[in-house]
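Raw contents of target-v6.txt, compact mmCIF, N, CA and C atoms:
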```
# COMPACT_ATOMS: atom_id res chain seq x y z
N MET N 1 -71.64 -141.41 113.84
CA MET N 1 -73.00 -141.80 114.19
C MET N 1 -73.06 -142.28 115.62
N ALA N 2 -73.95 -141.72 116.39
CA ALA N 2 -74.13 -142.13 117.78
C ALA N 2 -74.85 -143.47 117.85
N ILE N 3 -74.59 -144.17 118.93
CA ILE N 3 -75.27 -145.44 119.19
C ILE N 3 -76.07 -145.27 120.47
N THR N 4 -77.35 -145.57 120.39
CA THR N 4 -78.22 -145.49 121.55
C THR N 4 -78.73 -146.87 121.90
N ILE N 5 -78.65 -147.19 123.18
CA ILE N 5 -79.10 -148.49 123.66
C ILE N 5 -80.21 -148.25 124.67
N ASN N 6 -81.37 -148.81 124.39
CA ASN N 6 -82.48 -148.78 125.34
C ASN N 6 -82.47 -150.10 126.09
N ILE N 7 -82.38 -150.01 127.40
CA ILE N 7 -82.40 -151.21 128.23
C ILE N 7 -83.61 -151.12 129.15
N TYR N 8 -84.50 -152.10 129.02
CA TYR N 8 -85.64 -152.21 129.90
C TYR N 8 -85.27 -153.19 131.01
N TYR N 9 -85.13 -152.67 132.23
CA TYR N 9 -84.88 -153.51 133.39
C TYR N 9 -86.22 -153.84 134.02
N THR N 10 -86.47 -155.12 134.26
CA THR N 10 -87.73 -155.54 134.86
C THR N 10 -87.46 -156.39 136.09
N GLY N 11 -88.17 -156.07 137.16
CA GLY N 11 -88.06 -156.82 138.41
C GLY N 11 -89.36 -156.72 139.18
N GLU N 12 -89.50 -157.58 140.16
CA GLU N 12 -90.75 -157.61 140.94
C GLU N 12 -90.71 -156.60 142.08
N ASN N 13 -91.89 -156.18 142.50
CA ASN N 13 -92.08 -155.37 143.71
C ASN N 13 -91.23 -154.10 143.74
N GLY N 14 -91.12 -153.42 142.63
CA GLY N 14 -90.39 -152.16 142.59
C GLY N 14 -88.88 -152.28 142.54
N ASN N 15 -88.37 -153.49 142.30
CA ASN N 15 -86.92 -153.68 142.29
C ASN N 15 -86.21 -152.90 141.18
N ALA N 16 -86.86 -152.72 140.04
CA ALA N 16 -86.21 -151.98 138.95
C ALA N 16 -85.98 -150.52 139.37
N GLN N 17 -86.96 -149.93 140.03
CA GLN N 17 -86.79 -148.54 140.48
C GLN N 17 -85.77 -148.46 141.61
N ARG N 18 -85.74 -149.46 142.49
CA ARG N 18 -84.74 -149.48 143.55
C ARG N 18 -83.32 -149.57 142.96
N PHE N 19 -83.18 -150.38 141.91
CA PHE N 19 -81.91 -150.50 141.21
C PHE N 19 -81.46 -149.13 140.68
N ALA N 20 -82.35 -148.44 139.96
CA ALA N 20 -82.00 -147.13 139.40
C ALA N 20 -81.68 -146.13 140.50
N ASN N 21 -82.45 -146.15 141.57
CA ASN N 21 -82.18 -145.24 142.68
C ASN N 21 -80.81 -145.50 143.30
N GLU N 22 -80.44 -146.77 143.43
CA GLU N 22 -79.12 -147.08 144.00
C GLU N 22 -78.01 -146.71 143.03
N MET N 23 -78.24 -146.91 141.73
CA MET N 23 -77.25 -146.48 140.73
C MET N 23 -76.98 -144.98 140.87
N ILE N 24 -78.03 -144.22 141.10
CA ILE N 24 -77.90 -142.77 141.25
C ILE N 24 -77.26 -142.42 142.58
N SER N 25 -77.75 -143.00 143.68
CA SER N 25 -77.25 -142.64 145.01
C SER N 25 -75.80 -143.04 145.23
N ARG N 26 -75.34 -144.10 144.58
CA ARG N 26 -73.94 -144.53 144.72
C ARG N 26 -73.00 -143.73 143.81
N GLY N 27 -73.56 -142.87 142.97
CA GLY N 27 -72.74 -142.03 142.10
C GLY N 27 -72.30 -142.71 140.81
N ILE N 28 -72.80 -143.91 140.56
CA ILE N 28 -72.40 -144.64 139.35
C ILE N 28 -72.89 -143.91 138.11
N VAL N 29 -74.11 -143.42 138.16
CA VAL N 29 -74.69 -142.71 137.01
C VAL N 29 -73.86 -141.48 136.68
N ASP N 30 -73.49 -140.70 137.69
CA ASP N 30 -72.67 -139.51 137.44
C ASP N 30 -71.32 -139.87 136.84
N GLN N 31 -70.72 -140.97 137.31
CA GLN N 31 -69.42 -141.40 136.76
C GLN N 31 -69.56 -141.77 135.29
N ILE N 32 -70.63 -142.48 134.95
CA ILE N 32 -70.84 -142.90 133.56
C ILE N 32 -71.05 -141.67 132.67
N ARG N 33 -71.83 -140.73 133.15
CA ARG N 33 -72.08 -139.51 132.36
C ARG N 33 -70.81 -138.73 132.08
N LYS N 34 -69.81 -138.87 132.94
CA LYS N 34 -68.54 -138.15 132.77
C LYS N 34 -67.56 -138.90 131.87
N GLU N 35 -67.88 -140.15 131.51
CA GLU N 35 -66.98 -140.92 130.66
C GLU N 35 -66.89 -140.29 129.27
N GLU N 36 -65.68 -140.35 128.72
CA GLU N 36 -65.50 -139.84 127.36
C GLU N 36 -66.37 -140.61 126.39
N GLY N 37 -67.12 -139.89 125.58
CA GLY N 37 -67.98 -140.52 124.58
C GLY N 37 -69.41 -140.75 125.02
N ASN N 38 -69.72 -140.54 126.30
CA ASN N 38 -71.10 -140.71 126.75
C ASN N 38 -71.91 -139.48 126.38
N LEU N 39 -73.03 -139.70 125.72
CA LEU N 39 -73.90 -138.60 125.30
C LEU N 39 -75.15 -138.49 126.17
N ARG N 40 -75.58 -139.62 126.73
CA ARG N 40 -76.82 -139.62 127.51
C ARG N 40 -76.88 -140.88 128.36
N TYR N 41 -77.35 -140.73 129.59
CA TYR N 41 -77.55 -141.87 130.48
C TYR N 41 -78.67 -141.46 131.42
N GLU N 42 -79.89 -141.86 131.07
CA GLU N 42 -81.08 -141.43 131.82
C GLU N 42 -82.06 -142.57 131.99
N TYR N 43 -82.70 -142.58 133.17
CA TYR N 43 -83.73 -143.56 133.46
C TYR N 43 -85.12 -142.95 133.30
N PHE N 44 -86.06 -143.77 132.83
CA PHE N 44 -87.45 -143.36 132.67
C PHE N 44 -88.35 -144.49 133.16
N ILE N 45 -89.53 -144.12 133.62
CA ILE N 45 -90.49 -145.11 134.08
C ILE N 45 -91.58 -145.27 133.02
N PRO N 46 -91.71 -146.45 132.42
CA PRO N 46 -92.79 -146.67 131.44
C PRO N 46 -94.15 -146.55 132.13
N MET N 47 -95.04 -145.80 131.55
CA MET N 47 -96.35 -145.55 132.16
C MET N 47 -97.21 -146.81 132.25
N ASP N 48 -96.97 -147.77 131.38
CA ASP N 48 -97.82 -148.95 131.35
C ASP N 48 -97.17 -150.19 131.98
N ASP N 49 -96.04 -150.00 132.69
CA ASP N 49 -95.35 -151.15 133.28
C ASP N 49 -94.65 -150.71 134.56
N GLU N 50 -95.31 -150.86 135.68
CA GLU N 50 -94.77 -150.39 136.96
C GLU N 50 -93.60 -151.24 137.46
N ASN N 51 -93.35 -152.39 136.86
CA ASN N 51 -92.26 -153.26 137.28
C ASN N 51 -90.99 -153.07 136.45
N SER N 52 -91.00 -152.10 135.55
CA SER N 52 -89.84 -151.88 134.68
C SER N 52 -89.36 -150.45 134.78
N ILE N 53 -88.13 -150.28 134.36
CA ILE N 53 -87.54 -148.95 134.21
C ILE N 53 -86.74 -148.98 132.90
N LEU N 54 -86.76 -147.89 132.18
CA LEU N 54 -86.06 -147.79 130.90
C LEU N 54 -84.81 -146.95 131.08
N LEU N 55 -83.68 -147.49 130.64
CA LEU N 55 -82.44 -146.73 130.59
C LEU N 55 -82.18 -146.38 129.13
N ILE N 56 -82.01 -145.09 128.86
CA ILE N 56 -81.56 -144.65 127.54
C ILE N 56 -80.10 -144.27 127.69
N ASP N 57 -79.25 -145.04 127.02
CA ASP N 57 -77.80 -144.97 127.16
C ASP N 57 -77.22 -144.70 125.77
N SER N 58 -76.63 -143.54 125.57
CA SER N 58 -76.18 -143.15 124.24
C SER N 58 -74.69 -142.79 124.27
N TRP N 59 -73.99 -143.24 123.21
CA TRP N 59 -72.54 -143.08 123.11
C TRP N 59 -72.16 -142.57 121.73
N GLU N 60 -71.01 -141.92 121.64
CA GLU N 60 -70.53 -141.37 120.37
C GLU N 60 -70.26 -142.45 119.34
N ASN N 61 -69.75 -143.60 119.80
CA ASN N 61 -69.39 -144.67 118.87
C ASN N 61 -69.19 -145.99 119.63
N GLN N 62 -68.93 -147.06 118.91
CA GLN N 62 -68.75 -148.37 119.52
C GLN N 62 -67.50 -148.41 120.39
N GLU N 63 -66.46 -147.70 120.00
CA GLU N 63 -65.24 -147.68 120.79
C GLU N 63 -65.50 -147.14 122.20
N ALA N 64 -66.31 -146.10 122.32
CA ALA N 64 -66.64 -145.55 123.63
C ALA N 64 -67.41 -146.57 124.47
N ILE N 65 -68.30 -147.31 123.84
CA ILE N 65 -69.04 -148.36 124.55
C ILE N 65 -68.08 -149.45 125.03
N ASP N 66 -67.16 -149.85 124.16
CA ASP N 66 -66.20 -150.90 124.51
C ASP N 66 -65.35 -150.49 125.71
N VAL N 67 -64.90 -149.24 125.73
CA VAL N 67 -64.11 -148.73 126.86
C VAL N 67 -64.97 -148.74 128.12
N HIS N 68 -66.21 -148.29 128.01
CA HIS N 68 -67.13 -148.29 129.15
C HIS N 68 -67.31 -149.70 129.71
N HIS N 69 -67.45 -150.68 128.84
CA HIS N 69 -67.68 -152.06 129.28
C HIS N 69 -66.47 -152.63 130.03
N LYS N 70 -65.31 -152.01 129.89
CA LYS N 70 -64.10 -152.49 130.57
C LYS N 70 -63.84 -151.77 131.89
N THR N 71 -64.71 -150.84 132.27
CA THR N 71 -64.51 -150.08 133.50
C THR N 71 -64.97 -150.89 134.72
N PRO N 72 -64.42 -150.56 135.90
CA PRO N 72 -64.87 -151.22 137.14
C PRO N 72 -66.35 -151.00 137.43
N MET N 73 -66.92 -149.95 136.87
CA MET N 73 -68.35 -149.68 137.08
C MET N 73 -69.23 -150.81 136.56
N MET N 74 -68.79 -151.47 135.52
CA MET N 74 -69.60 -152.56 134.96
C MET N 74 -69.79 -153.67 135.99
N GLU N 75 -68.78 -153.96 136.79
CA GLU N 75 -68.93 -154.97 137.84
C GLU N 75 -69.94 -154.52 138.88
N GLN N 76 -69.92 -153.22 139.20
CA GLN N 76 -70.90 -152.68 140.15
C GLN N 76 -72.32 -152.79 139.59
N ILE N 77 -72.47 -152.50 138.31
CA ILE N 77 -73.79 -152.57 137.67
C ILE N 77 -74.28 -154.01 137.68
N ILE N 78 -73.43 -154.94 137.32
CA ILE N 78 -73.81 -156.36 137.31
C ILE N 78 -74.20 -156.81 138.71
N GLU N 79 -73.43 -156.39 139.71
CA GLU N 79 -73.72 -156.73 141.10
C GLU N 79 -75.12 -156.22 141.50
N LEU N 80 -75.43 -154.99 141.12
CA LEU N 80 -76.74 -154.42 141.46
C LEU N 80 -77.87 -155.11 140.70
N ARG N 81 -77.64 -155.45 139.44
CA ARG N 81 -78.67 -156.18 138.68
C ARG N 81 -79.00 -157.49 139.36
N GLU N 82 -77.96 -158.17 139.84
CA GLU N 82 -78.18 -159.45 140.52
C GLU N 82 -78.84 -159.24 141.87
N LYS N 83 -78.43 -158.22 142.59
CA LYS N 83 -79.01 -157.90 143.89
C LYS N 83 -80.53 -157.73 143.78
N TYR N 84 -80.96 -157.05 142.72
CA TYR N 84 -82.39 -156.77 142.54
C TYR N 84 -83.08 -157.77 141.62
N ASP N 85 -82.36 -158.81 141.20
CA ASP N 85 -82.92 -159.89 140.37
C ASP N 85 -83.64 -159.34 139.14
N LEU N 86 -82.92 -158.54 138.38
CA LEU N 86 -83.51 -157.89 137.21
C LEU N 86 -83.29 -158.69 135.94
N HIS N 87 -84.27 -158.60 135.06
CA HIS N 87 -84.18 -159.17 133.72
C HIS N 87 -84.13 -158.01 132.75
N MET N 88 -83.53 -158.23 131.59
CA MET N 88 -83.30 -157.13 130.66
C MET N 88 -83.80 -157.44 129.26
N LYS N 89 -84.33 -156.40 128.63
CA LYS N 89 -84.63 -156.42 127.20
C LYS N 89 -83.83 -155.26 126.61
N VAL N 90 -83.07 -155.52 125.56
CA VAL N 90 -82.16 -154.51 125.02
C VAL N 90 -82.50 -154.22 123.56
N GLU N 91 -82.56 -152.93 123.24
CA GLU N 91 -82.74 -152.46 121.85
C GLU N 91 -81.56 -151.54 121.53
N ARG N 92 -81.06 -151.66 120.33
CA ARG N 92 -79.88 -150.87 119.93
C ARG N 92 -80.22 -150.09 118.65
N TYR N 93 -79.86 -148.80 118.66
CA TYR N 93 -80.16 -147.93 117.52
C TYR N 93 -78.92 -147.13 117.13
N ILE N 94 -78.76 -146.92 115.84
CA ILE N 94 -77.69 -146.07 115.33
C ILE N 94 -78.36 -144.81 114.77
N SER N 95 -77.86 -143.65 115.19
CA SER N 95 -78.50 -142.39 114.80
C SER N 95 -78.28 -142.11 113.31
N ASP N 96 -79.20 -141.36 112.80
CA ASP N 96 -79.18 -140.97 111.40
C ASP N 96 -79.61 -139.51 111.34
N GLU N 97 -79.25 -138.83 110.31
CA GLU N 97 -79.70 -137.46 110.12
C GLU N 97 -81.20 -137.46 109.82
N LEU N 98 -81.89 -136.50 110.36
CA LEU N 98 -83.31 -136.36 110.14
C LEU N 98 -83.57 -135.86 108.72
N PRO N 99 -84.33 -136.62 107.94
CA PRO N 99 -84.62 -136.16 106.56
C PRO N 99 -85.39 -134.85 106.57
N ASN N 100 -85.14 -134.01 105.58
CA ASN N 100 -85.82 -132.71 105.49
C ASN N 100 -87.33 -132.85 105.49
N LEU N 101 -87.87 -133.88 104.85
CA LEU N 101 -89.32 -134.06 104.81
C LEU N 101 -89.90 -134.31 106.20
N ASP N 102 -89.13 -134.92 107.09
CA ASP N 102 -89.62 -135.19 108.44
C ASP N 102 -89.54 -133.95 109.33
N LYS N 103 -88.65 -133.05 109.02
CA LYS N 103 -88.45 -131.88 109.89
C LYS N 103 -89.70 -131.02 110.02
N ARG N 104 -90.57 -131.05 109.03
CA ARG N 104 -91.77 -130.21 109.11
C ARG N 104 -92.74 -130.68 110.18
N PHE N 105 -92.56 -131.91 110.69
CA PHE N 105 -93.45 -132.44 111.72
C PHE N 105 -92.92 -132.20 113.13
N ILE N 106 -91.76 -131.57 113.24
CA ILE N 106 -91.11 -131.38 114.52
C ILE N 106 -91.10 -129.90 114.87
N LYS N 107 -91.56 -129.61 116.06
CA LYS N 107 -91.57 -128.23 116.55
C LYS N 107 -90.40 -128.07 117.52
N ASP N 108 -89.53 -127.13 117.22
CA ASP N 108 -88.38 -126.85 118.11
C ASP N 108 -88.81 -126.00 119.26
```
Using structure tokens, write down the structure from this file.
Amino acid sequence: MAITINIYYTGENGNAQRFANEMISRGIVDQIRKEEGNLRYEYFIPMDDENSILLIDSWENQEAIDVHHKTPMMEQIIELREKYDLHMKVERYISDELPNLDKRFIKD
């Protein structure tokens, strides 16, 4: 079962978007995407909150997350969060198989 973590980064005056842009420009995002067990690492801008950015971060299992948390990249991420004075709201989800009854509502 995959684990998906939604992290809402919030900061003033566009700092959340600046954070995501620096994560991308420094190559941190590409490094994370190449880590074993990473399934998804993408930023999105919530339409109703210009001061936030949403990170959808998905991993194969908890072990992959634990290994990721021990990488030098985590120090870089923490440094950037502090640089941009970001606050975080975190949601965690464990994937499940889509029930057959729900599949009729989804168009491939």
Quiz prompt | strand (DSSP E) per DSSP on the backbone: members of chain N, as an MDAnalysis selection string | solution = chainID N and resid 3:10 38:44 52:59 87:94
Restricting the output to N, CA and C atoms, write the selected residues as a PDB file, keeping the file's coordinate frame.
```pdb
ATOM      1  N   ILE N   3     -74.590-144.170 118.930  1.00  0.00           N
ATOM      2  CA  ILE N   3     -75.270-145.440 119.190  1.00  0.00           C
ATOM      3  C   ILE N   3     -76.070-145.270 120.470  1.00  0.00           C
ATOM      4  N   THR N   4     -77.350-145.570 120.390  1.00  0.00           N
ATOM      5  CA  THR N   4     -78.220-145.490 121.550  1.00  0.00           C
ATOM      6  C   THR N   4     -78.730-146.870 121.900  1.00  0.00           C
ATOM      7  N   ILE N   5     -78.650-147.190 123.180  1.00  0.00           N
ATOM      8  CA  ILE N   5     -79.100-148.490 123.660  1.00  0.00           C
ATOM      9  C   ILE N   5     -80.210-148.250 124.670  1.00  0.00           C
ATOM     10  N   ASN N   6     -81.370-148.810 124.390  1.00  0.00           N
ATOM     11  CA  ASN N   6     -82.480-148.780 125.340  1.00  0.00           C
ATOM     12  C   ASN N   6     -82.470-150.100 126.090  1.00  0.00           C
ATOM     13  N   ILE N   7     -82.380-150.010 127.400  1.00  0.00           N
ATOM     14  CA  ILE N   7     -82.400-151.210 128.230  1.00  0.00           C
ATOM     15  C   ILE N   7     -83.610-151.120 129.150  1.00  0.00           C
ATOM     16  N   TYR N   8     -84.500-152.100 129.020  1.00  0.00           N
ATOM     17  CA  TYR N   8     -85.640-152.210 129.900  1.00  0.00           C
ATOM     18  C   TYR N   8     -85.270-153.190 131.010  1.00  0.00           C
ATOM     19  N   TYR N   9     -85.130-152.670 132.230  1.00  0.00           N
ATOM     20  CA  TYR N   9     -84.880-153.510 133.390  1.00  0.00           C
ATOM     21  C   TYR N   9     -86.220-153.840 134.020  1.00  0.00           C
ATOM     22  N   THR N  10     -86.470-155.120 134.260  1.00  0.00           N
ATOM     23  CA  THR N  10     -87.730-155.540 134.860  1.00  0.00           C
ATOM     24  C   THR N  10     -87.460-156.390 136.090  1.00  0.00           C
ATOM     25  N   ASN N  38     -69.720-140.540 126.300  1.00  0.00           N
ATOM     26  CA  ASN N  38     -71.100-140.710 126.750  1.00  0.00           C
ATOM     27  C   ASN N  38     -71.910-139.480 126.380  1.00  0.00           C
ATOM     28  N   LEU N  39     -73.030-139.700 125.720  1.00  0.00           N
ATOM     29  CA  LEU N  39     -73.900-138.600 125.300  1.00  0.00           C
ATOM     30  C   LEU N  39     -75.150-138.490 126.170  1.00  0.00           C
ATOM     31  N   ARG N  40     -75.580-139.620 126.730  1.00  0.00           N
ATOM     32  CA  ARG N  40     -76.820-139.620 127.510  1.00  0.00           C
ATOM     33  C   ARG N  40     -76.880-140.880 128.360  1.00  0.00           C
ATOM     34  N   TYR N  41     -77.350-140.730 129.590  1.00  0.00           N
ATOM     35  CA  TYR N  41     -77.550-141.870 130.480  1.00  0.00           C
ATOM     36  C   TYR N  41     -78.670-141.460 131.420  1.00  0.00           C
ATOM     37  N   GLU N  42     -79.890-141.860 131.070  1.00  0.00           N
ATOM     38  CA  GLU N  42     -81.080-141.430 131.820  1.00  0.00           C
ATOM     39  C   GLU N  42     -82.060-142.570 131.990  1.00  0.00           C
ATOM     40  N   TYR N  43     -82.700-142.580 133.170  1.00  0.00           N
ATOM     41  CA  TYR N  43     -83.730-143.560 133.460  1.00  0.00           C
ATOM     42  C   TYR N  43     -85.120-142.950 133.300  1.00  0.00           C
ATOM     43  N   PHE N  44     -86.060-143.770 132.830  1.00  0.00           N
ATOM     44  CA  PHE N  44     -87.450-143.360 132.670  1.00  0.00           C
ATOM     45  C   PHE N  44     -88.350-144.490 133.160  1.00  0.00           C
ATOM     46  N   SER N  52     -91.000-152.100 135.550  1.00  0.00           N
ATOM     47  CA  SER N  52     -89.840-151.880 134.680  1.00  0.00           C
ATOM     48  C   SER N  52     -89.360-150.450 134.780  1.00  0.00           C
ATOM     49  N   ILE N  53     -88.130-150.280 134.360  1.00  0.00           N
ATOM     50  CA  ILE N  53     -87.540-148.950 134.210  1.00  0.00           C
ATOM     51  C   ILE N  53     -86.740-148.980 132.900  1.00  0.00           C
ATOM     52  N   LEU N  54     -86.760-147.890 132.180  1.00  0.00           N
ATOM     53  CA  LEU N  54     -86.060-147.790 130.900  1.00  0.00           C
ATOM     54  C   LEU N  54     -84.810-146.950 131.080  1.00  0.00           C
ATOM     55  N   LEU N  55     -83.680-147.490 130.640  1.00  0.00           N
ATOM     56  CA  LEU N  55     -82.440-146.730 130.590  1.00  0.00           C
ATOM     57  C   LEU N  55     -82.180-146.380 129.130  1.00  0.00           C
ATOM     58  N   ILE N  56     -82.010-145.090 128.860  1.00  0.00           N
ATOM     59  CA  ILE N  56     -81.560-144.650 127.540  1.00  0.00           C
ATOM     60  C   ILE N  56     -80.100-144.270 127.690  1.00  0.00           C
ATOM     61  N   ASP N  57     -79.250-145.040 127.020  1.00  0.00           N
ATOM     62  CA  ASP N  57     -77.800-144.970 127.160  1.00  0.00           C
ATOM     63  C   ASP N  57     -77.220-144.700 125.770  1.00  0.00           C
ATOM     64  N   SER N  58     -76.630-143.540 125.570  1.00  0.00           N
ATOM     65  CA  SER N  58     -76.180-143.150 124.240  1.00  0.00           C
ATOM     66  C   SER N  58     -74.690-142.790 124.270  1.00  0.00           C
ATOM     67  N   TRP N  59     -73.990-143.240 123.210  1.00  0.00           N
ATOM     68  CA  TRP N  59     -72.540-143.080 123.110  1.00  0.00           C
ATOM     69  C   TRP N  59     -72.160-142.570 121.730  1.00  0.00           C
ATOM     70  N   HIS N  87     -84.270-158.600 135.060  1.00  0.00           N
ATOM     71  CA  HIS N  87     -84.180-159.170 133.720  1.00  0.00           C
ATOM     72  C   HIS N  87     -84.130-158.010 132.750  1.00  0.00           C
ATOM     73  N   MET N  88     -83.530-158.230 131.590  1.00  0.00           N
ATOM     74  CA  MET N  88     -83.300-157.130 130.660  1.00  0.00           C
ATOM     75  C   MET N  88     -83.800-157.440 129.260  1.00  0.00           C
ATOM     76  N   LYS N  89     -84.330-156.400 128.630  1.00  0.00           N
ATOM     77  CA  LYS N  89     -84.630-156.420 127.200  1.00  0.00           C
ATOM     78  C   LYS N  89     -83.830-155.260 126.610  1.00  0.00           C
ATOM     79  N   VAL N  90     -83.070-155.520 125.560  1.00  0.00           N
ATOM     80  CA  VAL N  90     -82.160-154.510 125.020  1.00  0.00           C
ATOM     81  C   VAL N  90     -82.500-154.220 123.560  1.00  0.00           C
ATOM     82  N   GLU N  91     -82.560-152.930 123.240  1.00  0.00           N
ATOM     83  CA  GLU N  91     -82.740-152.460 121.850  1.00  0.00           C
ATOM     84  C   GLU N  91     -81.560-151.540 121.530  1.00  0.00           C
ATOM     85  N   ARG N  92     -81.060-151.660 120.330  1.00  0.00           N
ATOM     86  CA  ARG N  92     -79.880-150.870 119.930  1.00  0.00           C
ATOM     87  C   ARG N  92     -80.220-150.090 118.650  1.00  0.00           C
ATOM     88  N   TYR N  93     -79.860-148.800 118.660  1.00  0.00           N
ATOM     89  CA  TYR N  93     -80.160-147.930 117.520  1.00  0.00           C
ATOM     90  C   TYR N  93     -78.920-147.130 117.130  1.00  0.00           C
ATOM     91  N   ILE N  94     -78.760-146.920 115.840  1.00  0.00           N
ATOM     92  CA  ILE N  94     -77.690-146.070 115.330  1.00  0.00           C
ATOM     93  C   ILE N  94     -78.360-144.810 114.770  1.00  0.00           C
TER      94      ILE N  94
END
```
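Each of N:Glu35, N:Asp30, N:Asp102, N:Glu50 was checked against Gln17 of chain N using all atoms listed in the file; the smallest atom-to-atom distance is that of N:Glu50.
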Quiz item: Excluding same-chain residues fewer than 3 positions from Thr4 of chain N, what lies within 8 Å of it counting all atoms listed in the file, as number ranges by chain?
Solution: N: 1, 7, 56-61, 91-95
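As for atom C of Gly37 of chain N and atom N of Thr71 of chain N, they are spaced 13.3 Å apart.
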Practice problem: List the neighbours of segment 75-81 of chain N out to 8 Å using all atoms listed in the file; skip same-chain residues closer than 4 positions along the sequence, and give me the result as a ChimeraX atom specification. | Solution: /N:19,22-23,28,69-71,85-87
Quiz item: Can you tell me, as a ChimeraX atom specification, what residues are no more than 6.5 Å from Lys89 of chain N when counting all atoms listed in the file, ignoring any on the same chain fewer than 3 positions away?
Solution: /N:6-10
If you keep N, CA and C atoms, can you produce a file of those selected residues as a CSV table (one decimal), in the frame of the given file?
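Everything below was put into result36.csv:
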```csv
chain,number,residue,atom,x,y,z
N,6,ASN,N,-81.4,-148.8,124.4
N,6,ASN,CA,-82.5,-148.8,125.3
N,6,ASN,C,-82.5,-150.1,126.1
N,7,ILE,N,-82.4,-150.0,127.4
N,7,ILE,CA,-82.4,-151.2,128.2
N,7,ILE,C,-83.6,-151.1,129.2
N,8,TYR,N,-84.5,-152.1,129.0
N,8,TYR,CA,-85.6,-152.2,129.9
N,8,TYR,C,-85.3,-153.2,131.0
N,9,TYR,N,-85.1,-152.7,132.2
N,9,TYR,CA,-84.9,-153.5,133.4
N,9,TYR,C,-86.2,-153.8,134.0
N,10,THR,N,-86.5,-155.1,134.3
N,10,THR,CA,-87.7,-155.5,134.9
N,10,THR,C,-87.5,-156.4,136.1
```
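Nearest-residue note for Val90 of chain N: choosing from N:Ala2, N:Ile24, N:Ile45, N:Leu54, the minimum distance belongs to N:Leu54, counting only C-alpha atoms.
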Exercise. Could you find all residues in segment 48-104 of chain N that DSSP calls helix (DSSP H, G or I) from the backbone, and write them as a VMD selection string?
Key: chain N and resid 62 to 69 72 to 83 100 to 103
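If only C-alpha atoms are the atoms counted, then among N:Ile5, N:Ala20, N:Ile106, N:Ile32 the closest residue to His68 of chain N is N:Ile32.
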Kindly compute an axis-aligned box around the listed atoms of segment 41-48 of chain N, allowing 8 Å on each side, and express its centre and edge lengths in Å to one decimal as JSON.
```
{"center_x": -87.6, "center_y": -145.5, "center_z": 131.8, "size_x": 36.5, "size_y": 25.5, "size_z": 20.5}
```
